[in-house]
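Participant: Dropping in query.pdb, with PDB, C-alpha atoms.
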MODEL        1
ATOM      1  CA  GLY A1018      48.815  -9.414 -28.421
ATOM      2  CA  ILE A1019      49.091 -13.008 -27.162
ATOM      3  CA  ASP A1020      48.416 -15.292 -30.147
ATOM      4  CA  LEU A1021      50.406 -13.083 -32.510
ATOM      5  CA  GLU A1022      49.729 -14.977 -35.730
ATOM      6  CA  ARG A1023      45.976 -15.118 -35.227
ATOM      7  CA  LYS A1024      43.515 -12.913 -37.070
ATOM      8  CA  VAL A1025      40.281 -12.186 -35.203
ATOM      9  CA  LYS A1026      37.024 -12.063 -37.170
ATOM     10  CA  ILE A1027      34.299  -9.483 -36.613
ATOM     11  CA  GLU A1028      31.111 -10.197 -38.567
ATOM     12  CA  VAL A1029      27.871  -8.245 -38.768
ATOM     13  CA  GLU A1030      24.644  -8.708 -40.720
ATOM     14  CA  ILE A1031      22.538  -5.556 -40.974
ATOM     15  CA  THR A1032      18.812  -5.723 -41.741
ATOM     16  CA  ILE A1033      16.705  -2.616 -42.300
ATOM     17  CA  LYS A1034      12.943  -3.093 -41.997
ATOM     18  CA  GLY A1035      10.686  -0.055 -41.985
ATOM     19  CA  SER A1036      12.131   2.402 -39.494
ATOM     20  CA  ASP A1037      14.074  -0.276 -37.582
ATOM     21  CA  ILE A1038      17.665  -1.367 -38.103
ATOM     22  CA  MET A1039      19.007  -4.658 -36.752
ATOM     23  CA  MET A1040      22.727  -5.395 -36.345
ATOM     24  CA  ASP A1041      23.491  -9.069 -35.704
ATOM     25  CA  PHE A1042      27.109  -9.902 -34.800
ATOM     26  CA  THR A1043      26.627 -13.675 -34.922
ATOM     27  CA  GLY A1044      29.732 -15.184 -36.506
ATOM     28  CA  SER A1045      32.203 -12.939 -34.675
ATOM     29  CA  ASP A1046      35.066 -14.828 -33.029
ATOM     30  CA  PRO A1047      35.107 -15.820 -29.348
ATOM     31  CA  GLN A1048      36.844 -13.511 -26.884
ATOM     32  CA  VAL A1049      40.644 -13.581 -26.966
ATOM     33  CA  LYS A1050      43.455 -13.852 -24.407
ATOM     34  CA  GLY A1051      44.789 -10.347 -25.034
ATOM     35  CA  PRO A1052      43.182  -7.048 -23.969
ATOM     36  CA  LEU A1053      41.243  -6.513 -27.220
ATOM     37  CA  ASN A1054      37.845  -7.735 -26.014
ATOM     38  CA  CYS A1055      34.845  -5.404 -26.020
ATOM     39  CA  VAL A1056      32.208  -5.120 -23.349
ATOM     40  CA  GLU A1057      28.657  -4.520 -24.574
ATOM     41  CA  SER A1058      28.735  -0.744 -24.059
ATOM     42  CA  SER A1059      31.921  -0.391 -26.135
ATOM     43  CA  THR A1060      30.419  -2.244 -29.091
ATOM     44  CA  LEU A1061      27.232  -0.177 -28.807
ATOM     45  CA  ALA A1062      29.331   2.982 -29.063
ATOM     46  CA  ALA A1063      30.230   1.894 -32.617
ATOM     47  CA  VAL A1064      26.682   0.725 -33.399
ATOM     48  CA  TYR A1065      25.056   3.984 -32.290
ATOM     49  CA  TYR A1066      27.761   6.174 -33.813
ATOM     50  CA  SER A1067      27.361   4.577 -37.258
ATOM     51  CA  VAL A1068      23.636   5.338 -37.325
ATOM     52  CA  ARG A1069      24.109   8.862 -35.926
ATOM     53  CA  ALA A1070      26.735   9.596 -38.573
ATOM     54  CA  LEU A1071      24.301   8.618 -41.333
ATOM     55  CA  ALA A1072      21.309  10.409 -39.786
ATOM     56  CA  GLY A1073      23.058  13.794 -39.785
ATOM     57  CA  PRO A1074      23.541  16.495 -37.144
ATOM     58  CA  ASN A1075      19.931  17.676 -36.909
ATOM     59  CA  VAL A1076      18.523  14.619 -35.132
ATOM     60  CA  PRO A1077      18.224  15.329 -31.378
ATOM     61  CA  ASN A1078      20.530  13.247 -29.199
ATOM     62  CA  ASN A1079      18.084  11.480 -26.887
ATOM     63  CA  SER A1080      16.866   7.955 -26.164
ATOM     64  CA  GLY A1081      14.316   8.230 -28.986
ATOM     65  CA  CYS A1082      17.079   8.168 -31.574
ATOM     66  CA  TYR A1083      18.304   4.810 -30.316
ATOM     67  CA  ARG A1084      14.913   3.127 -30.000
ATOM     68  CA  PRO A1085      14.801   1.923 -33.652
ATOM     69  CA  ILE A1086      18.264   0.329 -33.316
ATOM     70  CA  LYS A1087      18.240  -3.355 -32.386
ATOM     71  CA  TYR A1088      21.296  -5.568 -31.935
ATOM     72  CA  PHE A1089      22.482  -9.042 -31.069
ATOM     73  CA  LEU A1090      25.919  -9.479 -29.496
ATOM     74  CA  PRO A1091      26.869 -13.113 -28.834
ATOM     75  CA  GLN A1092      27.939 -13.659 -25.223
ATOM     76  CA  GLY A1093      31.582 -14.573 -24.767
ATOM     77  CA  SER A1094      32.564 -13.131 -28.147
ATOM     78  CA  ILE A1095      35.069 -10.440 -29.106
ATOM     79  CA  VAL A1096      32.136  -7.962 -29.250
ATOM     80  CA  ASN A1097      30.539  -8.953 -25.907
ATOM     81  CA  CYS A1098      33.052 -10.650 -23.644
ATOM     82  CA  LYS A1099      32.485 -12.373 -20.307
ATOM     83  CA  PHE A1100      34.412 -11.816 -17.078
ATOM     84  CA  PRO A1101      37.363 -12.126 -16.547
ATOM     85  CA  ALA A1102      38.251 -11.157 -20.130
ATOM     86  CA  SER A1103      40.955  -8.512 -20.609
ATOM     87  CA  VAL A1104      39.638  -5.279 -22.168
ATOM     88  CA  ALA A1105      42.251  -2.520 -21.674
ATOM     89  CA  ALA A1106      43.013  -2.060 -25.408
ATOM     90  CA  ARG A1107      39.437  -2.518 -26.652
ATOM     91  CA  ALA A1108      39.441   0.852 -28.440
ATOM     92  CA  ILE A1109      41.326  -0.858 -31.281
ATOM     93  CA  THR A1110      38.497  -3.378 -31.641
ATOM     94  CA  VAL A1111      35.779  -0.714 -31.411
ATOM     95  CA  THR A1112      37.333   0.959 -34.453
ATOM     96  CA  ARG A1113      37.421  -2.322 -36.397
ATOM     97  CA  ILE A1114      33.760  -2.946 -35.428
ATOM     98  CA  LEU A1115      32.876   0.406 -36.947
ATOM     99  CA  ASP A1116      34.789  -0.484 -40.139
ATOM    100  CA  THR A1117      32.771  -3.707 -40.319
ATOM    101  CA  ILE A1118      29.450  -1.862 -39.934
ATOM    102  CA  PHE A1119      30.350   0.703 -42.584
ATOM    103  CA  GLY A1120      31.611  -2.093 -44.839
ATOM    104  CA  ALA A1121      28.202  -3.767 -44.665
ATOM    105  CA  LEU A1122      26.317  -0.507 -45.197
ATOM    106  CA  SER A1123      28.508   0.463 -48.162
ATOM    107  CA  GLN A1124      27.004  -2.456 -50.102
ATOM    108  CA  ALA A1125      23.606  -0.767 -49.864
ATOM    109  CA  ILE A1126      24.495   2.944 -49.950
ATOM    110  CA  PRO A1127      28.046   3.279 -51.355
ATOM    111  CA  ASP A1128      27.475   6.923 -52.287
ATOM    112  CA  LYS A1129      27.012   7.821 -48.594
ATOM    113  CA  ILE A1130      29.756   5.682 -47.071
ATOM    114  CA  PRO A1131      33.404   6.705 -47.498
ATOM    115  CA  ALA A1132      36.092   4.167 -48.221
ATOM    116  CA  CYS A1133      37.606   2.555 -45.151
ATOM    117  CA  SER A1134      39.914   4.729 -43.056
ATOM    118  CA  CYS A1135      43.111   3.423 -41.490
ATOM    119  CA  CYS A1136      42.072   4.745 -38.104
ATOM    120  CA  LEU A1137      44.475   2.736 -35.983
ATOM    121  CA  GLN A1138      43.172   3.737 -32.540
ATOM    122  CA  GLY A1139      46.489   2.461 -31.282
ATOM    123  CA  ASN A1140      49.543   4.081 -29.792
ATOM    124  CA  VAL A1141      53.155   3.410 -28.877
ATOM    125  CA  LEU A1142      54.153   3.861 -25.222
ATOM    126  CA  PHE A1143      57.746   4.607 -24.178
ATOM    127  CA  GLY A1144      58.986   4.368 -20.588
ATOM    128  CA  GLY A1145      62.279   4.200 -18.721
ATOM    129  CA  ILE A1146      64.768   5.901 -16.412
ATOM    130  CA  ASP A1147      67.146   8.611 -17.585
ATOM    131  CA  PRO A1148      70.661   7.372 -16.654
ATOM    132  CA  LEU A1149      71.893  10.971 -16.294
ATOM    133  CA  SER A1150      69.225  12.285 -13.900
ATOM    134  CA  GLY A1151      67.773   9.077 -12.478
ATOM    135  CA  GLU A1152      64.287  10.376 -13.256
ATOM    136  CA  ARG A1153      61.530   8.179 -14.636
ATOM    137  CA  PHE A1154      59.704   9.205 -17.791
ATOM    138  CA  ILE A1155      56.815   7.975 -19.911
ATOM    139  CA  ASN A1156      55.405   9.275 -23.173
ATOM    140  CA  CYS A1157      53.461   8.005 -26.150
ATOM    141  CA  GLU A1158      53.176   8.320 -29.891
ATOM    142  CA  LEU A1159      49.626   8.605 -31.252
ATOM    143  CA  ALA A1160      49.483   6.582 -34.439
ATOM    144  CA  THR A1161      47.332   8.365 -37.005
ATOM    145  CA  GLY A1162      46.526   6.917 -40.428
ATOM    146  CA  GLY A1163      44.951   7.979 -43.693
ATOM    147  CA  MET A1164      41.247   8.765 -43.939
ATOM    148  CA  GLY A1165      39.207   6.919 -46.565
ATOM    149  CA  ALA A1166      38.331   8.827 -49.717
ATOM    150  CA  ARG A1167      34.821  10.219 -50.072
ATOM    151  CA  SER A1168      32.467  10.382 -53.043
ATOM    152  CA  THR A1169      33.611  13.912 -53.919
ATOM    153  CA  LYS A1170      36.939  14.408 -52.087
ATOM    154  CA  ASP A1171      40.245  12.774 -51.276
ATOM    155  CA  GLY A1172      40.760  11.428 -47.766
ATOM    156  CA  LEU A1173      42.680  13.512 -45.245
ATOM    157  CA  GLU A1174      46.281  12.656 -44.376
ATOM    158  CA  ALA A1175      47.510  11.241 -41.042
ATOM    159  CA  ILE A1176      44.407  11.847 -38.954
ATOM    160  CA  LYS A1177      42.164  10.087 -36.466
ATOM    161  CA  THR A1178      38.588   9.600 -37.662
ATOM    162  CA  ASP A1179      35.147   8.613 -36.437
ATOM    163  CA  LEU A1180      35.287   7.499 -32.800
ATOM    164  CA  THR A1181      38.581   9.221 -31.987
ATOM    165  CA  ASN A1182      39.587  12.855 -31.572
ATOM    166  CA  THR A1183      43.381  12.984 -31.294
ATOM    167  CA  MET A1184      45.871  14.153 -33.908
ATOM    168  CA  ASN A1185      49.619  13.788 -33.307
ATOM    169  CA  VAL A1186      52.408  14.363 -30.804
ATOM    170  CA  PRO A1187      54.613  17.353 -31.749
ATOM    171  CA  VAL A1188      58.243  16.360 -32.246
ATOM    172  CA  GLU A1189      59.540  19.129 -29.961
ATOM    173  CA  ALA A1190      57.298  18.130 -27.034
ATOM    174  CA  PHE A1191      58.187  14.459 -27.444
ATOM    175  CA  GLU A1192      61.945  15.078 -27.540
ATOM    176  CA  MET A1193      61.810  17.315 -24.449
ATOM    177  CA  SER A1194      60.167  14.620 -22.317
ATOM    178  CA  THR A1195      62.002  11.470 -23.496
ATOM    179  CA  LEU A1196      65.497  10.228 -24.365
ATOM    180  CA  PHE A1197      64.750  10.120 -28.098
ATOM    181  CA  ARG A1198      65.582  12.182 -31.122
ATOM    182  CA  VAL A1199      63.020  12.059 -33.947
ATOM    183  CA  LEU A1200      65.064  11.657 -37.120
ATOM    184  CA  ARG A1201      62.200  11.790 -39.606
ATOM    185  CA  TYR A1202      58.489  12.590 -39.609
ATOM    186  CA  ASN A1203      56.754  12.782 -42.972
ATOM    187  CA  LEU A1204      53.794  11.528 -44.975
ATOM    188  CA  ARG A1205      54.205   7.999 -46.318
ATOM    189  CA  ASN A1206      54.439   8.080 -50.103
ATOM    190  CA  ASP A1207      51.969   5.790 -51.946
ATOM    191  CA  SER A1208      50.199   4.679 -48.743
ATOM    192  CA  GLY A1209      46.758   6.015 -49.766
ATOM    193  CA  GLY A1210      44.572   3.758 -51.897
ATOM    194  CA  ALA A1211      44.348   4.827 -55.544
ATOM    195  CA  GLY A1212      40.985   5.986 -56.848
ATOM    196  CA  GLU A1213      39.128   8.744 -58.643
ATOM    197  CA  TYR A1214      39.457  10.235 -55.174
ATOM    198  CA  ARG A1215      42.606   9.113 -53.392
ATOM    199  CA  GLY A1216      42.746   7.712 -49.875
ATOM    200  CA  GLY A1217      44.582   9.802 -47.291
ATOM    201  CA  LEU A1218      48.203   8.988 -46.489
ATOM    202  CA  GLY A1219      49.688   7.562 -43.329
ATOM    203  CA  PHE A1220      53.022   8.739 -41.939
ATOM    204  CA  GLU A1221      56.600   7.586 -41.422
ATOM    205  CA  LYS A1222      58.347   8.374 -38.162
ATOM    206  CA  VAL A1223      61.807   7.347 -36.997
ATOM    207  CA  PHE A1224      62.938   7.480 -33.349
ATOM    208  CA  GLU A1225      66.563   7.110 -32.222
ATOM    209  CA  LEU A1226      67.317   6.342 -28.561
ATOM    210  CA  LEU A1227      70.129   8.637 -27.414
ATOM    211  CA  ARG A1228      71.026   6.978 -24.099
ATOM    212  CA  GLY A1229      69.955   4.365 -21.614
ATOM    213  CA  GLU A1230      67.347   1.669 -22.170
ATOM    214  CA  VAL A1231      63.627   2.054 -22.821
ATOM    215  CA  THR A1232      60.660  -0.307 -22.694
ATOM    216  CA  VAL A1233      58.239   0.078 -25.599
ATOM    217  CA  THR A1234      54.647  -1.150 -25.666
ATOM    218  CA  ASN A1235      53.351  -1.269 -29.218
ATOM    219  CA  ARG A1236      49.574  -1.113 -29.683
ATOM    220  CA  GLY A1237      49.379  -1.060 -33.443
ATOM    221  CA  GLU A1238      46.778  -2.334 -35.872
ATOM    222  CA  ARG A1239      46.191  -2.868 -39.605
ATOM    223  CA  ASN A1240      49.514  -4.709 -40.015
ATOM    224  CA  TYR A1241      47.802  -7.686 -41.685
ATOM    225  CA  THR A1242      44.700  -6.169 -43.290
ATOM    226  CA  LYS A1243      44.208  -3.179 -45.589
ATOM    227  CA  SER A1244      41.676  -0.355 -45.519
ATOM    228  CA  TRP A1245      39.250  -1.278 -48.286
ATOM    229  CA  GLY A1246      38.224   0.948 -51.196
ATOM    230  CA  VAL A1247      34.781   1.348 -52.782
ATOM    231  CA  TYR A1248      33.398   1.714 -56.329
ATOM    232  CA  GLY A1249      36.644   0.366 -57.798
ATOM    233  CA  GLY A1250      38.967   2.260 -55.463
ATOM    234  CA  LEU A1251      42.033   0.353 -54.265
ATOM    235  CA  PRO A1252      42.909  -0.402 -50.637
ATOM    236  CA  GLY A1253      45.435   1.619 -48.682
ATOM    237  CA  LYS A1254      48.747   0.177 -47.512
ATOM    238  CA  GLU A1255      49.071  -1.795 -44.286
ATOM    239  CA  CYS A1256      50.953  -0.525 -41.257
ATOM    240  CA  ARG A1257      54.321  -1.877 -40.188
ATOM    241  CA  ALA A1258      57.047  -1.249 -37.623
ATOM    242  CA  GLU A1259      60.666  -2.311 -37.322
ATOM    243  CA  ILE A1260      63.822  -1.770 -35.303
ATOM    244  CA  ILE A1261      67.309  -1.264 -36.687
ATOM    245  CA  ARG A1262      69.635  -2.160 -33.845
ATOM    246  CA  SER A1263      72.854  -0.229 -33.268
ATOM    247  CA  ASP A1264      74.790  -3.150 -34.804
ATOM    248  CA  GLY A1265      72.678  -3.025 -37.997
ATOM    249  CA  ARG A1266      70.325  -5.951 -37.283
ATOM    250  CA  VAL A1267      66.745  -5.424 -38.496
ATOM    251  CA  GLU A1268      63.797  -6.706 -36.429
ATOM    252  CA  VAL A1269      60.209  -6.572 -37.688
ATOM    253  CA  ILE A1270      57.853  -5.707 -34.833
ATOM    254  CA  PRO A1271      54.398  -7.331 -34.580
ATOM    255  CA  SER A1272      51.363  -5.103 -34.340
ATOM    256  CA  LYS A1273      51.076  -5.686 -30.597
ATOM    257  CA  GLY A1274      53.744  -6.477 -28.033
ATOM    258  CA  VAL A1275      56.416  -5.247 -25.623
ATOM    259  CA  PHE A1276      60.129  -4.900 -26.432
ATOM    260  CA  ASN A1277      63.237  -2.999 -25.338
ATOM    261  CA  LEU A1278      65.396  -0.412 -27.073
ATOM    262  CA  LYS A1279      69.009   0.370 -26.185
ATOM    263  CA  GLU A1280      71.225   3.356 -26.959
ATOM    264  CA  GLY A1281      71.686   3.809 -30.705
ATOM    265  CA  ASP A1282      68.678   1.688 -31.709
ATOM    266  CA  LYS A1283      66.274   3.207 -34.229
ATOM    267  CA  PHE A1284      62.537   2.491 -34.164
ATOM    268  CA  PHE A1285      60.619   2.945 -37.455
ATOM    269  CA  VAL A1286      56.823   3.383 -37.557
ATOM    270  CA  TYR A1287      54.940   3.277 -40.872
ATOM    271  CA  THR A1288      51.180   3.861 -40.627
ATOM    272  CA  GLY A1289      48.679   2.847 -43.292
ATOM    273  CA  GLY A1290      46.536   4.843 -45.688
ATOM    274  CA  GLY A1291      42.813   5.058 -46.364
ATOM    275  CA  GLY A1292      41.039   3.293 -49.200
ATOM    276  CA  GLY A1293      40.352   4.943 -52.546
ATOM    277  CA  TYR A1294      36.942   5.861 -53.977
ATOM    278  CA  GLY A1295      36.106   5.139 -57.631
ATOM    279  CA  ASN A1296      38.157   3.941 -60.610
ATOM    280  CA  PRO A1297      41.726   5.357 -60.449
ATOM    281  CA  LEU A1298      41.735   5.834 -64.237
ATOM    282  CA  ARG A1299      39.019   8.475 -63.809
ATOM    283  CA  ARG A1300      41.164  10.674 -61.563
ATOM    284  CA  LYS A1301      41.975  14.055 -63.068
ATOM    285  CA  LYS A1302      45.481  14.060 -64.517
ATOM    286  CA  GLU A1303      46.170  17.434 -62.900
ATOM    287  CA  SER A1304      45.424  15.900 -59.485
ATOM    288  CA  VAL A1305      47.794  12.997 -60.149
ATOM    289  CA  LEU A1306      50.504  15.452 -61.206
ATOM    290  CA  MET A1307      50.087  17.477 -58.008
ATOM    291  CA  ASP A1308      50.255  14.280 -55.955
ATOM    292  CA  VAL A1309      53.563  13.383 -57.629
ATOM    293  CA  VAL A1310      54.953  16.909 -57.169
ATOM    294  CA  ASN A1311      53.943  16.834 -53.490
ATOM    295  CA  LYS A1312      55.482  13.339 -53.058
ATOM    296  CA  LYS A1313      52.175  11.757 -52.111
ATOM    297  CA  VAL A1314      52.244   9.428 -55.136
ATOM    298  CA  SER A1315      55.372   8.050 -56.820
ATOM    299  CA  VAL A1316      56.002   8.288 -60.558
ATOM    300  CA  GLU A1317      55.775   4.477 -60.715
ATOM    301  CA  SER A1318      52.322   4.442 -59.083
ATOM    302  CA  ALA A1319      51.164   7.294 -61.315
ATOM    303  CA  LYS A1320      51.957   5.094 -64.301
ATOM    304  CA  LYS A1321      50.770   1.763 -62.913
ATOM    305  CA  GLU A1322      47.611   2.742 -61.046
ATOM    306  CA  TYR A1323      46.516   5.998 -62.671
ATOM    307  CA  GLY A1324      47.689   5.393 -66.250
ATOM    308  CA  CYS A1325      49.633   8.666 -66.364
TER     309      CYS A1325
ENDMDL
END
Any chance you could put this one into structure tokens?

Facilitator:
Amino acid sequence: GIDLERKVKIEVEITIKGSDIMMDFTGSDPQVKGPLNCVESSTLAAVYYSVRALAGPNVPNNSGCYRPIKYFLPQGSIVNCKFPASVAARAITVTRILDTIFGALSQAIPDKIPACSCCLQGNVLFGGIDPLSGERFINCELATGGMGARSTKDGLEAIKTDLTNTMNVPVEAFEMSTLFRVLRYNLRNDSGGAGEYRGGLGFEKVFELLRGEVTVTNRGERNYTKSWGVYGGLPGKECRAEIIRSDGRVEVIPSKGVFNLKEGDKFFVYTGGGGGYGNPLRRKKESVLMDVVNKKVSVESAKKEYGC
């Protein structure tokens, strides 16, 4: 959110010895200027969740389950920052930490780890004053993405996964509490990674400001990296956002930042898809046909990626 062109590295080495599992985050980048830094407890939420997810629902949730889990989090890093680091948007980083852990584990047990989900864990905040009533308002858009495909099923469309539990903001509720009209809200064609099992799709949403001026805080993610596939599955599409000003000018919006909208401006949000699982050429032709009929996959992608 500060050094906009910079990518931040999260690295983990996982060693399993007997009943113990060690997660070493040496190699992760130093803490950053923006509010994406994690405190130790936030990183451990991802560490513990990943092991709990693999262990299944029958293991009792007590301190005994966490005893075999060891970890090393370098001080002053993105995964274990030092005061006075900014941490308000760390949920984005927690989600990427979990992707990194699952990415490492998928090399050992790919049949038990789904392809990477485009779980953004970000949102878009809108705030301003209605020029007609003089009242202040604030609302947000929850950015959901495609779930990664699994070893026997496609990924789910436009959903939060893993560490999150929110879905979407209904158009009617959003329009009643803001100065916007939502012009379009649909699944994003071709955003899911191709595979024997297809990654879930992200969405497209278009907001038009009807009057006044609004400040927008964009907390996006996955604009510069893709959700990876496994066993030959392809990655999902990245996210992106842009503004078409009332005079026709187009502005591409970075994944994180603050900007203003004025009457007549349109704000476009395109969220990414999940990765695919398995060789796309092994996907059942009937499934590809249904994807094309349902506008989840284009005819061009059916030919190019699925050989149909």

Participant: To box segment 1177-1189 of chain A, take all atoms listed in the file, fit an axis-aligned box, add 5 Å on each side, and give centre and edge lengths in Å to one decimal, as AutoDock Vina command-line options.

Facilitator:
--center_x 47.3 --center_y 13.3 --center_z -33.8 --size_x 34.4 --size_y 21.6 --size_z 17.7

Participant: With a distance cut-off of 12 Å and only C-alpha atoms, select the neighbouring residues of Asp1147 of chain A, excluding the residue or stretch itself and same-chain residues fewer than 4 positions from it, and output the selection as a list in words.

Facilitator: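 Residues near the query, excluding close chain neighbours: Gly1151, Glu1152, Arg1153, Phe1154, Ile1155, Ser1194, Thr1195, Leu1196, Phe1197, Leu1226, Leu1227, Arg1228, Gly1229, Glu1230, Val1231 and Glu1280 of chain A.
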
Participant: Considering all atoms listed in the file, return as number ranges by chain whatever protein or nucleic-acid residues lie within 6 Å of Gly1250 of chain A, sequence-local ones (same chain, fewer than 4 positions apart) excluded.

Facilitator: A: 1211-1212, 1246, 1293-1296

Participant: In file coordinates, which residues lie within 8 Å of (24.2, -7.2, -41.7) using all atoms listed in the file, given as a PyMOL selection string?

Facilitator: chain A and resi 1029-1032+1039-1042+1118+1121-1122

Participant: Here is a test: counting all atoms listed in the file, which residue of A:Gly1139, A:Gly1120, A:Pro1052, A:Pro1131 is nearest to Arg1107 of chain A?

Facilitator: A:Pro1052

Participant: Spell out the residues picked by the PyMOL selection byres ((chain A and resi 1175) around 12) here, as a ChimeraX atom specification.

Facilitator: /A:1134-1137,1159-1165,1172-1174,1176-1178,1183-1186,1202-1206,1208-1209,1216-1222,1287-1291

Participant: Can I get the selection written as a compact mmCIF listing (two decimals), keeping the file's coordinate frame, with C-alpha atoms?

Facilitator:
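See selection-v2.txt below for the written result:
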# COMPACT_ATOMS: atom_id res chain seq x y z
CA SER A 1134 39.91 4.73 -43.06
CA CYS A 1135 43.11 3.42 -41.49
CA CYS A 1136 42.07 4.74 -38.10
CA LEU A 1137 44.48 2.74 -35.98
CA LEU A 1159 49.63 8.60 -31.25
CA ALA A 1160 49.48 6.58 -34.44
CA THR A 1161 47.33 8.36 -37.01
CA GLY A 1162 46.53 6.92 -40.43
CA GLY A 1163 44.95 7.98 -43.69
CA MET A 1164 41.25 8.76 -43.94
CA GLY A 1165 39.21 6.92 -46.56
CA GLY A 1172 40.76 11.43 -47.77
CA LEU A 1173 42.68 13.51 -45.24
CA GLU A 1174 46.28 12.66 -44.38
CA ILE A 1176 44.41 11.85 -38.95
CA LYS A 1177 42.16 10.09 -36.47
CA THR A 1178 38.59 9.60 -37.66
CA THR A 1183 43.38 12.98 -31.29
CA MET A 1184 45.87 14.15 -33.91
CA ASN A 1185 49.62 13.79 -33.31
CA VAL A 1186 52.41 14.36 -30.80
CA TYR A 1202 58.49 12.59 -39.61
CA ASN A 1203 56.75 12.78 -42.97
CA LEU A 1204 53.79 11.53 -44.98
CA ARG A 1205 54.20 8.00 -46.32
CA ASN A 1206 54.44 8.08 -50.10
CA SER A 1208 50.20 4.68 -48.74
CA GLY A 1209 46.76 6.02 -49.77
CA GLY A 1216 42.75 7.71 -49.88
CA GLY A 1217 44.58 9.80 -47.29
CA LEU A 1218 48.20 8.99 -46.49
CA GLY A 1219 49.69 7.56 -43.33
CA PHE A 1220 53.02 8.74 -41.94
CA GLU A 1221 56.60 7.59 -41.42
CA LYS A 1222 58.35 8.37 -38.16
CA TYR A 1287 54.94 3.28 -40.87
CA THR A 1288 51.18 3.86 -40.63
CA GLY A 1289 48.68 2.85 -43.29
CA GLY A 1290 46.54 4.84 -45.69
CA GLY A 1291 42.81 5.06 -46.36

Participant: For N, CA, C and O atoms, please extract segment 1202-1213 of chain A from the block and return it as an mmCIF file, in the first residue's frame.

Facilitator:
data_model
loop_
_atom_site.group_PDB
_atom_site.id
_atom_site.type_symbol
_atom_site.label_atom_id
_atom_site.label_comp_id
_atom_site.auth_asym_id
_atom_site.auth_seq_id
_atom_site.Cartn_x
_atom_site.Cartn_y
_atom_site.Cartn_z
ATOM 1 N N TYR A 1202 -23.292 -7.382 -11.884
ATOM 2 C CA TYR A 1202 -22.734 -8.264 -10.855
ATOM 3 C C TYR A 1202 -22.885 -9.687 -11.380
ATOM 4 O O TYR A 1202 -23.982 -10.230 -11.420
ATOM 5 N N ASN A 1203 -21.793 -10.264 -11.832
ATOM 6 C CA ASN A 1203 -21.871 -11.600 -12.433
ATOM 7 C C ASN A 1203 -20.555 -12.340 -12.254
ATOM 8 O O ASN A 1203 -19.535 -11.742 -11.888
ATOM 9 N N LEU A 1204 -20.572 -13.640 -12.497
ATOM 10 C CA LEU A 1204 -19.346 -14.422 -12.455
ATOM 11 C C LEU A 1204 -18.431 -14.005 -13.603
ATOM 12 O O LEU A 1204 -18.904 -13.624 -14.685
ATOM 13 N N ARG A 1205 -17.139 -14.088 -13.357
ATOM 14 C CA ARG A 1205 -16.147 -13.637 -14.348
ATOM 15 C C ARG A 1205 -15.738 -14.805 -15.237
ATOM 16 O O ARG A 1205 -15.030 -15.722 -14.824
ATOM 17 N N ASN A 1206 -16.179 -14.754 -16.462
ATOM 18 C CA ASN A 1206 -15.918 -15.810 -17.447
ATOM 19 C C ASN A 1206 -14.412 -16.079 -17.568
ATOM 20 O O ASN A 1206 -13.610 -15.152 -17.607
ATOM 21 N N ASP A 1207 -14.038 -17.363 -17.595
ATOM 22 C CA ASP A 1207 -12.659 -17.807 -17.810
ATOM 23 C C ASP A 1207 -11.701 -17.465 -16.672
ATOM 24 O O ASP A 1207 -10.485 -17.575 -16.833
ATOM 25 N N SER A 1208 -12.201 -17.049 -15.508
ATOM 26 C CA SER A 1208 -11.280 -16.678 -14.426
ATOM 27 C C SER A 1208 -10.766 -17.878 -13.646
ATOM 28 O O SER A 1208 -9.712 -17.807 -13.010
ATOM 29 N N GLY A 1209 -11.478 -19.009 -13.659
ATOM 30 C CA GLY A 1209 -11.031 -20.207 -12.958
ATOM 31 C C GLY A 1209 -9.958 -20.946 -13.737
ATOM 32 O O GLY A 1209 -10.023 -21.047 -14.970
ATOM 33 N N GLY A 1210 -8.945 -21.458 -13.045
ATOM 34 C CA GLY A 1210 -7.883 -22.193 -13.711
ATOM 35 C C GLY A 1210 -8.397 -23.481 -14.337
ATOM 36 O O GLY A 1210 -9.171 -24.222 -13.737
ATOM 37 N N ALA A 1211 -7.966 -23.756 -15.561
ATOM 38 C CA ALA A 1211 -8.389 -24.972 -16.263
ATOM 39 C C ALA A 1211 -7.758 -26.194 -15.614
ATOM 40 O O ALA A 1211 -6.641 -26.144 -15.102
ATOM 41 N N GLY A 1212 -8.483 -27.305 -15.638
ATOM 42 C CA GLY A 1212 -7.980 -28.551 -15.091
ATOM 43 C C GLY A 1212 -8.983 -29.660 -15.294
ATOM 44 O O GLY A 1212 -10.104 -29.430 -15.785
ATOM 45 N N GLU A 1213 -8.588 -30.883 -14.940
ATOM 46 C CA GLU A 1213 -9.574 -31.973 -14.933
ATOM 47 C C GLU A 1213 -10.745 -31.563 -14.050
ATOM 48 O O GLU A 1213 -11.910 -31.853 -14.338
#
